[in-house]
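Structure file work.cif (mmCIF, C-alpha atoms; chains and numbers go by the auth columns) follows.
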```cif
data_input
loop_
_atom_site.group_PDB
_atom_site.id
_atom_site.type_symbol
_atom_site.label_atom_id
_atom_site.label_comp_id
_atom_site.label_asym_id
_atom_site.label_seq_id
_atom_site.Cartn_x
_atom_site.Cartn_y
_atom_site.Cartn_z
_atom_site.B_iso_or_equiv
_atom_site.auth_seq_id
_atom_site.auth_asym_id
ATOM 1 C CA MET A 1 -32.325 -31.969 77.721 0.00 225 A
ATOM 2 C CA ASP A 2 -34.683 -34.855 76.985 0.00 226 A
ATOM 3 C CA ARG A 3 -38.190 -33.407 77.125 0.00 227 A
ATOM 4 C CA GLY A 4 -39.683 -36.893 77.485 0.00 228 A
ATOM 5 C CA LYS A 5 -38.557 -37.343 81.111 0.00 229 A
ATOM 6 C CA PRO A 6 -40.234 -35.540 83.991 0.00 230 A
ATOM 7 C CA VAL A 7 -38.007 -32.920 85.604 0.00 231 A
ATOM 8 C CA PRO A 8 -37.824 -32.999 89.406 0.00 232 A
ATOM 9 C CA PRO A 9 -38.616 -29.790 91.264 0.00 233 A
ATOM 10 C CA SER A 10 -35.601 -27.665 92.125 0.00 234 A
ATOM 11 C CA ASN A 11 -35.696 -28.443 95.833 0.00 235 A
ATOM 12 C CA GLU A 12 -35.705 -32.211 95.201 0.00 236 A
ATOM 13 C CA ILE A 13 -32.373 -32.228 93.347 0.00 237 A
ATOM 14 C CA PRO A 14 -29.573 -32.963 95.828 0.00 238 A
ATOM 15 C CA ALA A 15 -26.990 -30.174 96.045 0.00 239 A
ATOM 16 C CA THR A 16 -24.228 -32.763 95.698 0.00 240 A
ATOM 17 C CA LYS A 17 -25.606 -33.815 92.302 0.00 241 A
ATOM 18 C CA ILE A 18 -25.533 -30.200 91.107 0.00 242 A
ATOM 19 C CA GLU A 19 -22.057 -29.726 92.596 0.00 243 A
ATOM 20 C CA VAL A 20 -20.655 -32.749 90.741 0.00 244 A
ATOM 21 C CA ALA A 21 -22.250 -31.618 87.480 0.00 245 A
ATOM 22 C CA LEU A 22 -20.803 -28.107 87.838 0.00 246 A
ATOM 23 C CA VAL A 23 -17.319 -29.472 88.497 0.00 247 A
ATOM 24 C CA LYS A 24 -17.495 -31.991 85.622 0.00 248 A
ATOM 25 C CA THR A 25 -18.546 -29.294 83.164 0.00 249 A
ATOM 26 C CA GLY A 26 -16.111 -26.617 84.301 0.00 250 A
ATOM 27 C CA GLY A 27 -19.005 -24.473 85.525 0.00 251 A
ATOM 28 C CA ASN A 28 -21.028 -24.604 82.304 0.00 252 A
ATOM 29 C CA ILE A 29 -24.596 -24.326 83.610 0.00 253 A
ATOM 30 C CA ALA A 30 -26.273 -25.608 80.429 0.00 254 A
ATOM 31 C CA GLN A 31 -24.092 -28.719 80.322 0.00 255 A
ATOM 32 C CA ALA A 32 -24.509 -29.245 84.074 0.00 256 A
ATOM 33 C CA ALA A 33 -28.286 -29.064 83.651 0.00 257 A
ATOM 34 C CA ALA A 34 -28.109 -31.802 81.006 0.00 258 A
ATOM 35 C CA LEU A 35 -26.191 -34.039 83.442 0.00 259 A
ATOM 36 C CA VAL A 36 -28.528 -33.511 86.416 0.00 260 A
ATOM 37 C CA PRO A 37 -31.114 -33.474 84.410 0.00 261 A
ATOM 38 C CA CYS A 38 -33.004 -30.224 84.892 0.00 262 A
ATOM 39 C CA GLU A 39 -33.485 -26.835 83.303 0.00 263 A
ATOM 40 C CA PRO A 40 -30.486 -24.439 83.382 0.00 264 A
ATOM 41 C CA SER A 41 -32.695 -21.926 85.212 0.00 265 A
ATOM 42 C CA THR A 42 -33.078 -24.465 88.029 0.00 266 A
ATOM 43 C CA ILE A 43 -29.315 -24.582 88.540 0.00 267 A
ATOM 44 C CA ARG A 44 -29.071 -20.778 88.351 0.00 268 A
ATOM 45 C CA ARG A 45 -31.752 -20.448 91.046 0.00 269 A
ATOM 46 C CA ARG A 46 -30.000 -22.985 93.301 0.00 270 A
ATOM 47 C CA VAL A 47 -26.616 -21.267 92.827 0.00 271 A
ATOM 48 C CA ASN A 48 -28.194 -17.909 93.704 0.00 272 A
ATOM 49 C CA ARG A 49 -29.682 -19.357 96.916 0.00 273 A
ATOM 50 C CA ASP A 50 -26.780 -21.577 98.034 0.00 274 A
ATOM 51 C CA ASP A 51 -23.420 -19.986 98.901 0.00 275 A
ATOM 52 C CA HIS A 52 -21.624 -23.319 98.704 0.00 276 A
ATOM 53 C CA LEU A 53 -22.897 -23.978 95.181 0.00 277 A
ATOM 54 C CA ALA A 54 -21.880 -20.432 94.233 0.00 278 A
ATOM 55 C CA ASP A 55 -18.356 -21.175 95.492 0.00 279 A
ATOM 56 C CA VAL A 56 -18.299 -24.448 93.549 0.00 280 A
ATOM 57 C CA LEU A 57 -19.388 -22.625 90.388 0.00 281 A
ATOM 58 C CA GLU A 58 -16.737 -19.943 90.886 0.00 282 A
ATOM 59 C CA THR A 59 -14.008 -22.518 91.506 0.00 283 A
ATOM 60 C CA ALA A 60 -15.105 -24.681 88.558 0.00 284 A
ATOM 61 C CA ARG A 61 -14.842 -21.624 86.311 0.00 285 A
ATOM 62 C CA GLY A 62 -11.304 -20.931 87.460 0.00 286 A
ATOM 63 C CA GLY A 63 -12.247 -18.448 90.162 0.00 287 A
ATOM 64 C CA LYS A 64 -13.926 -15.985 87.793 0.00 288 A
ATOM 65 C CA LEU A 65 -17.598 -15.463 87.216 0.00 289 A
ATOM 66 C CA PRO A 66 -18.561 -14.260 83.758 0.00 290 A
ATOM 67 C CA LEU A 67 -21.008 -11.419 83.235 0.00 291 A
ATOM 68 C CA GLY A 68 -24.512 -12.688 83.726 0.00 292 A
ATOM 69 C CA GLY A 69 -23.404 -15.180 86.377 0.00 293 A
ATOM 70 C CA PRO A 70 -25.072 -15.350 89.745 0.00 294 A
ATOM 71 C CA PRO A 71 -25.561 -12.020 91.457 0.00 295 A
ATOM 72 C CA SER A 72 -22.716 -11.061 93.720 0.00 296 A
ATOM 73 C CA ARG A 73 -23.079 -12.091 97.310 0.00 297 A
ATOM 74 C CA PRO A 74 -22.068 -9.894 100.205 0.00 298 A
ATOM 75 C CA VAL A 75 -18.310 -10.110 100.610 0.00 299 A
ATOM 76 C CA VAL A 76 -17.297 -11.333 104.035 0.00 300 A
ATOM 77 C CA GLN A 77 -13.794 -10.308 105.028 0.00 301 A
ATOM 78 C CA TYR A 78 -12.448 -12.763 107.573 0.00 302 A
ATOM 79 C CA THR A 79 -9.698 -11.667 109.925 0.00 303 A
ATOM 80 C CA ASP A 80 -6.520 -13.693 110.260 0.00 304 A
ATOM 81 C CA GLU A 81 -7.649 -14.508 113.801 0.00 305 A
ATOM 82 C CA GLN A 82 -10.993 -15.908 112.590 0.00 306 A
ATOM 83 C CA ILE A 83 -9.303 -18.077 109.974 0.00 307 A
ATOM 84 C CA ALA A 84 -6.629 -19.244 112.441 0.00 308 A
ATOM 85 C CA ALA A 85 -9.335 -20.104 114.997 0.00 309 A
ATOM 86 C CA ALA A 86 -11.272 -22.124 112.418 0.00 310 A
ATOM 87 C CA LEU A 87 -8.072 -23.925 111.443 0.00 311 A
ATOM 88 C CA LYS A 88 -7.401 -24.709 115.109 0.00 312 A
ATOM 89 C CA VAL A 89 -10.891 -26.136 115.629 0.00 313 A
ATOM 90 C CA GLU A 90 -10.609 -28.183 112.430 0.00 314 A
ATOM 91 C CA GLY A 91 -7.141 -29.574 113.151 0.00 315 A
ATOM 92 C CA GLY A 92 -5.351 -27.507 110.516 0.00 316 A
ATOM 93 C CA PHE A 93 -7.451 -28.838 107.622 0.00 317 A
ATOM 94 C CA ILE A 94 -8.080 -25.988 105.193 0.00 318 A
ATOM 95 C CA SER A 95 -11.177 -27.483 103.544 0.00 319 A
ATOM 96 C CA ARG A 96 -12.838 -28.103 106.904 0.00 320 A
ATOM 97 C CA ALA A 97 -11.993 -24.594 108.126 0.00 321 A
ATOM 98 C CA ALA A 98 -13.424 -23.122 104.916 0.00 322 A
ATOM 99 C CA ARG A 99 -16.630 -25.088 105.398 0.00 323 A
ATOM 100 C CA ARG A 100 -16.855 -23.901 109.012 0.00 324 A
ATOM 101 C CA LEU A 101 -16.407 -20.263 107.982 0.00 325 A
ATOM 102 C CA GLY A 102 -18.663 -20.555 104.948 0.00 326 A
ATOM 103 C CA CYS A 103 -15.989 -19.520 102.473 0.00 327 A
ATOM 104 C CA SER A 104 -14.127 -21.288 99.709 0.00 328 A
ATOM 105 C CA VAL A 105 -10.872 -23.186 100.123 0.00 329 A
ATOM 106 C CA ALA A 106 -9.341 -20.683 97.702 0.00 330 A
ATOM 107 C CA THR A 107 -10.089 -17.872 100.172 0.00 331 A
ATOM 108 C CA ILE A 108 -8.006 -19.479 102.915 0.00 332 A
ATOM 109 C CA THR A 109 -5.294 -20.615 100.498 0.00 333 A
ATOM 110 C CA LYS A 110 -4.857 -17.073 99.171 0.00 334 A
ATOM 111 C CA ARG A 111 -4.803 -15.609 102.671 0.00 335 A
ATOM 112 C CA LYS A 112 -2.278 -18.234 103.785 0.00 336 A
ATOM 113 C CA LYS A 113 0.191 -16.822 101.254 0.00 337 A
ATOM 114 C CA LYS A 114 -0.150 -13.347 102.785 0.00 338 A
ATOM 115 C CA SER A 115 -0.541 -14.103 106.493 0.00 339 A
ATOM 116 C CA GLU A 116 2.118 -15.492 108.782 0.00 340 A
ATOM 117 C CA ALA A 117 -0.515 -16.107 111.495 0.00 341 A
ATOM 118 C CA ILE A 118 -2.495 -18.402 109.183 0.00 342 A
ATOM 119 C CA ARG A 119 0.650 -20.221 108.010 0.00 343 A
ATOM 120 C CA ASP A 120 1.666 -20.671 111.670 0.00 344 A
ATOM 121 C CA ALA A 121 -1.761 -22.109 112.573 0.00 345 A
ATOM 122 C CA ILE A 122 -1.495 -24.686 109.787 0.00 346 A
ATOM 123 C CA GLU A 123 2.139 -25.522 110.590 0.00 347 A
ATOM 124 C CA GLU A 124 1.382 -25.945 114.306 0.00 348 A
ATOM 125 C CA HIS A 125 -1.230 -28.581 113.552 0.00 349 A
ATOM 126 C CA ARG A 126 0.994 -30.348 111.055 0.00 350 A
ATOM 127 C CA GLU A 127 3.751 -30.521 113.668 0.00 351 A
ATOM 128 C CA THR A 128 1.273 -31.988 116.141 0.00 352 A
ATOM 129 C CA THR A 129 0.259 -34.593 113.557 0.00 353 A
ATOM 130 C CA ILE A 130 3.914 -35.482 112.989 0.00 354 A
ATOM 131 C CA ASP A 131 4.403 -35.814 116.760 0.00 355 A
ATOM 132 C CA VAL A 132 1.471 -38.234 116.938 0.00 356 A
ATOM 133 C CA ALA A 133 2.865 -40.224 113.994 0.00 357 A
ATOM 134 C CA GLU A 134 6.318 -40.375 115.597 0.00 358 A
ATOM 135 C CA ASP A 135 4.753 -41.587 118.831 0.00 359 A
ATOM 136 C CA GLY A 136 2.932 -44.322 116.908 0.00 360 A
ATOM 137 C CA LEU A 137 6.172 -45.284 115.179 0.00 361 A
ATOM 138 C CA ARG A 138 7.966 -45.433 118.533 0.00 362 A
ATOM 139 C CA GLN A 139 5.242 -47.704 119.901 0.00 363 A
ATOM 140 C CA ALA A 140 5.587 -49.965 116.851 0.00 364 A
ATOM 141 C CA VAL A 141 9.375 -50.165 117.405 0.00 365 A
ATOM 142 C CA LEU A 142 8.843 -50.997 121.088 0.00 366 A
ATOM 143 C CA ASN A 143 6.440 -53.728 119.958 0.00 367 A
ATOM 144 C CA ARG A 144 9.265 -55.009 117.725 0.00 368 A
ATOM 145 C CA GLU A 145 7.313 -54.543 114.483 0.00 369 A
ATOM 146 C CA PRO A 146 9.860 -55.368 111.715 0.00 370 A
ATOM 147 C CA TRP A 147 8.606 -52.642 109.334 0.00 371 A
ATOM 148 C CA ALA A 148 8.972 -49.996 112.039 0.00 372 A
ATOM 149 C CA ILE A 149 12.456 -51.138 113.051 0.00 373 A
ATOM 150 C CA LYS A 150 13.605 -51.075 109.416 0.00 374 A
ATOM 151 C CA LEU A 151 12.110 -47.611 108.855 0.00 375 A
ATOM 152 C CA VAL A 152 13.811 -46.148 111.936 0.00 376 A
ATOM 153 C CA LEU A 153 17.179 -47.688 111.095 0.00 377 A
ATOM 154 C CA MET A 154 16.986 -46.562 107.446 0.00 378 A
ATOM 155 C CA THR A 155 16.127 -42.974 108.396 0.00 379 A
ATOM 156 C CA LEU A 156 17.224 -42.102 111.905 0.00 380 A
ATOM 157 C CA GLY A 157 19.987 -44.737 111.961 0.00 381 A
ATOM 158 C CA LYS A 158 21.805 -43.461 108.850 0.00 382 A
ATOM 159 C CA LYS A 159 24.515 -41.814 110.922 0.00 383 A
ATOM 160 C CA ARG A 160 25.291 -45.230 112.400 0.00 384 A
ATOM 161 C CA GLY A 161 25.657 -46.768 108.959 0.00 385 A
ATOM 162 C CA TYR A 162 22.205 -48.295 108.609 0.00 386 A
ATOM 163 C CA THR A 163 21.551 -47.498 104.997 0.00 387 A
ATOM 164 C CA GLU A 164 20.361 -49.465 102.082 0.00 388 A
ATOM 165 C CA SER A 165 22.784 -49.275 99.208 0.00 389 A
ATOM 166 C CA LEU A 166 23.303 -50.929 95.902 0.00 390 A
ATOM 167 C CA ALA A 167 26.807 -51.529 94.653 0.00 391 A
ATOM 168 C CA LEU A 168 27.305 -52.149 90.965 0.00 392 A
ATOM 169 C CA THR A 169 30.465 -53.760 89.759 0.00 393 A
ATOM 170 C CA GLY A 170 31.587 -55.178 86.495 0.00 394 A
ATOM 171 C CA ALA A 171 32.831 -58.653 85.766 0.00 395 A
ATOM 172 C CA GLU A 172 35.005 -60.151 88.529 0.00 396 A
ATOM 173 C CA GLY A 173 34.560 -57.066 90.737 0.00 397 A
ATOM 174 C CA GLY A 174 35.981 -54.647 88.185 0.00 398 A
ATOM 175 C CA PRO A 175 34.450 -51.372 87.121 0.00 399 A
ATOM 176 C CA ALA A 176 30.954 -51.493 85.667 0.00 400 A
ATOM 177 C CA LYS A 177 30.502 -50.657 82.023 0.00 401 A
ATOM 178 C CA VAL A 178 27.616 -48.288 81.354 0.00 402 A
ATOM 179 C CA VAL A 179 26.192 -48.048 77.858 0.00 403 A
ATOM 180 C CA VAL A 180 23.809 -45.222 77.044 0.00 404 A
ATOM 181 C CA GLN A 181 21.828 -45.642 73.881 0.00 405 A
ATOM 182 C CA PHE A 182 19.562 -42.923 72.525 0.00 406 A
ATOM 183 C CA VAL A 183 16.487 -44.105 70.688 0.00 407 A
ATOM 184 C CA ARG A 184 14.537 -41.849 68.396 0.00 408 A
ATOM 185 C CA PRO A 185 10.739 -42.161 68.574 0.00 409 A
ATOM 186 C CA ARG A 186 10.524 -43.433 65.018 0.00 410 A
ATOM 187 C CA ASP A 187 12.892 -46.315 65.934 0.00 411 A
ATOM 188 C CA ILE A 188 10.510 -47.656 68.590 0.00 412 A
#
```

Representation of the structure as structure tokens:
Amino acid sequence: MDRGKPVPPSNEIPATKIEVALVKTGGNIAQAAALVPCEPSTIRRRVNRDDHLADVLETARGGKLPLGGPPSRPVVQYTDEQIAAALKVEGGFISRAARRLGCSVATITKRKKKSEAIRDAIEEHRETTIDVAEDGLRQAVLNREPWAIKLVLMTLGKKRGYTESLALTGAEGGPAKVVVQFVRPRDI
């Protein structure tokens, strides 16, 4: 760190600046401190006080904290019902639900793999989003929007023969001749 510049007090450094530095450096506190700029001890103190920054550090380091990392925080075990409720409130968005619960996205993602209730909560909201999109598409078709009409005919109208196809023929309508040539990298 450049000793010639004044270092701002810990509480004046925006958390977002520390978060970006931690992500850019893969969780290397010394390198993050050089980017901010501040002392590495400043970042350690902020990570120890701020659960979100601790989650960012853990995620940036691949989910594992090395020995000597921030002290462990109390482990909060969320029930499937709590996670599903947060997902419902946040419209099925995992990152928003994680923020609401105060956990990492990885926590919900891991639990999603194990819990049918959590997968169902996410799927229910995705289906609702698709319903809203289909309703918007229907309105666009009723308004005779050309892009919407083409999209519906190309997808839903396939069984009626509305497809886009490309026919290749050779000279005078005969069979097409296909030549495959392999090129070695040194020939390029």

- Message: I'd like the contact shell of Ile267 (chain A) - 9 Å cut-off, all atoms listed in the file, skipping same-chain residues fewer than 2 positions apart - returned as an MDAnalysis selection string.
- Response: chainID A and resid 234 242 253:254 256:257 262:265 269:272

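If you count only C-alpha atoms and ignore residues fewer than 4 places along the chain from Ile332 (chain A), what sits within 9 Å of it is Ile307, Ile318, Ser319, Ala321, Ala322, Cys327, Ser328, Lys336, Lys337 and Ile342 of chain A.
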
- Message: Excluding region 378-391 of chain A and its own-chain neighbours fewer than 6 positions away, which residues fall within 12 Å of it when counting all atoms listed in the file? Please give them as a PyMOL selection string.
- Response: chain A and resi 358+361-362+371-372+397-400

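Taking CA of Ile346 (chain A) and CA of Leu311 (chain A) as endpoints, the distance between them is 6.8 Å.
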
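One distance worth recording is that between CA of Val247 (chain A) and CA of Val280 (chain A), which is 7.2 Å.
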
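The smallest atom-to-atom distance between Ala309 (chain A) and any of A:Asp274, A:Glu243, A:Asp344, A:Glu369, using all atoms listed in the file, is found for A:Asp344.
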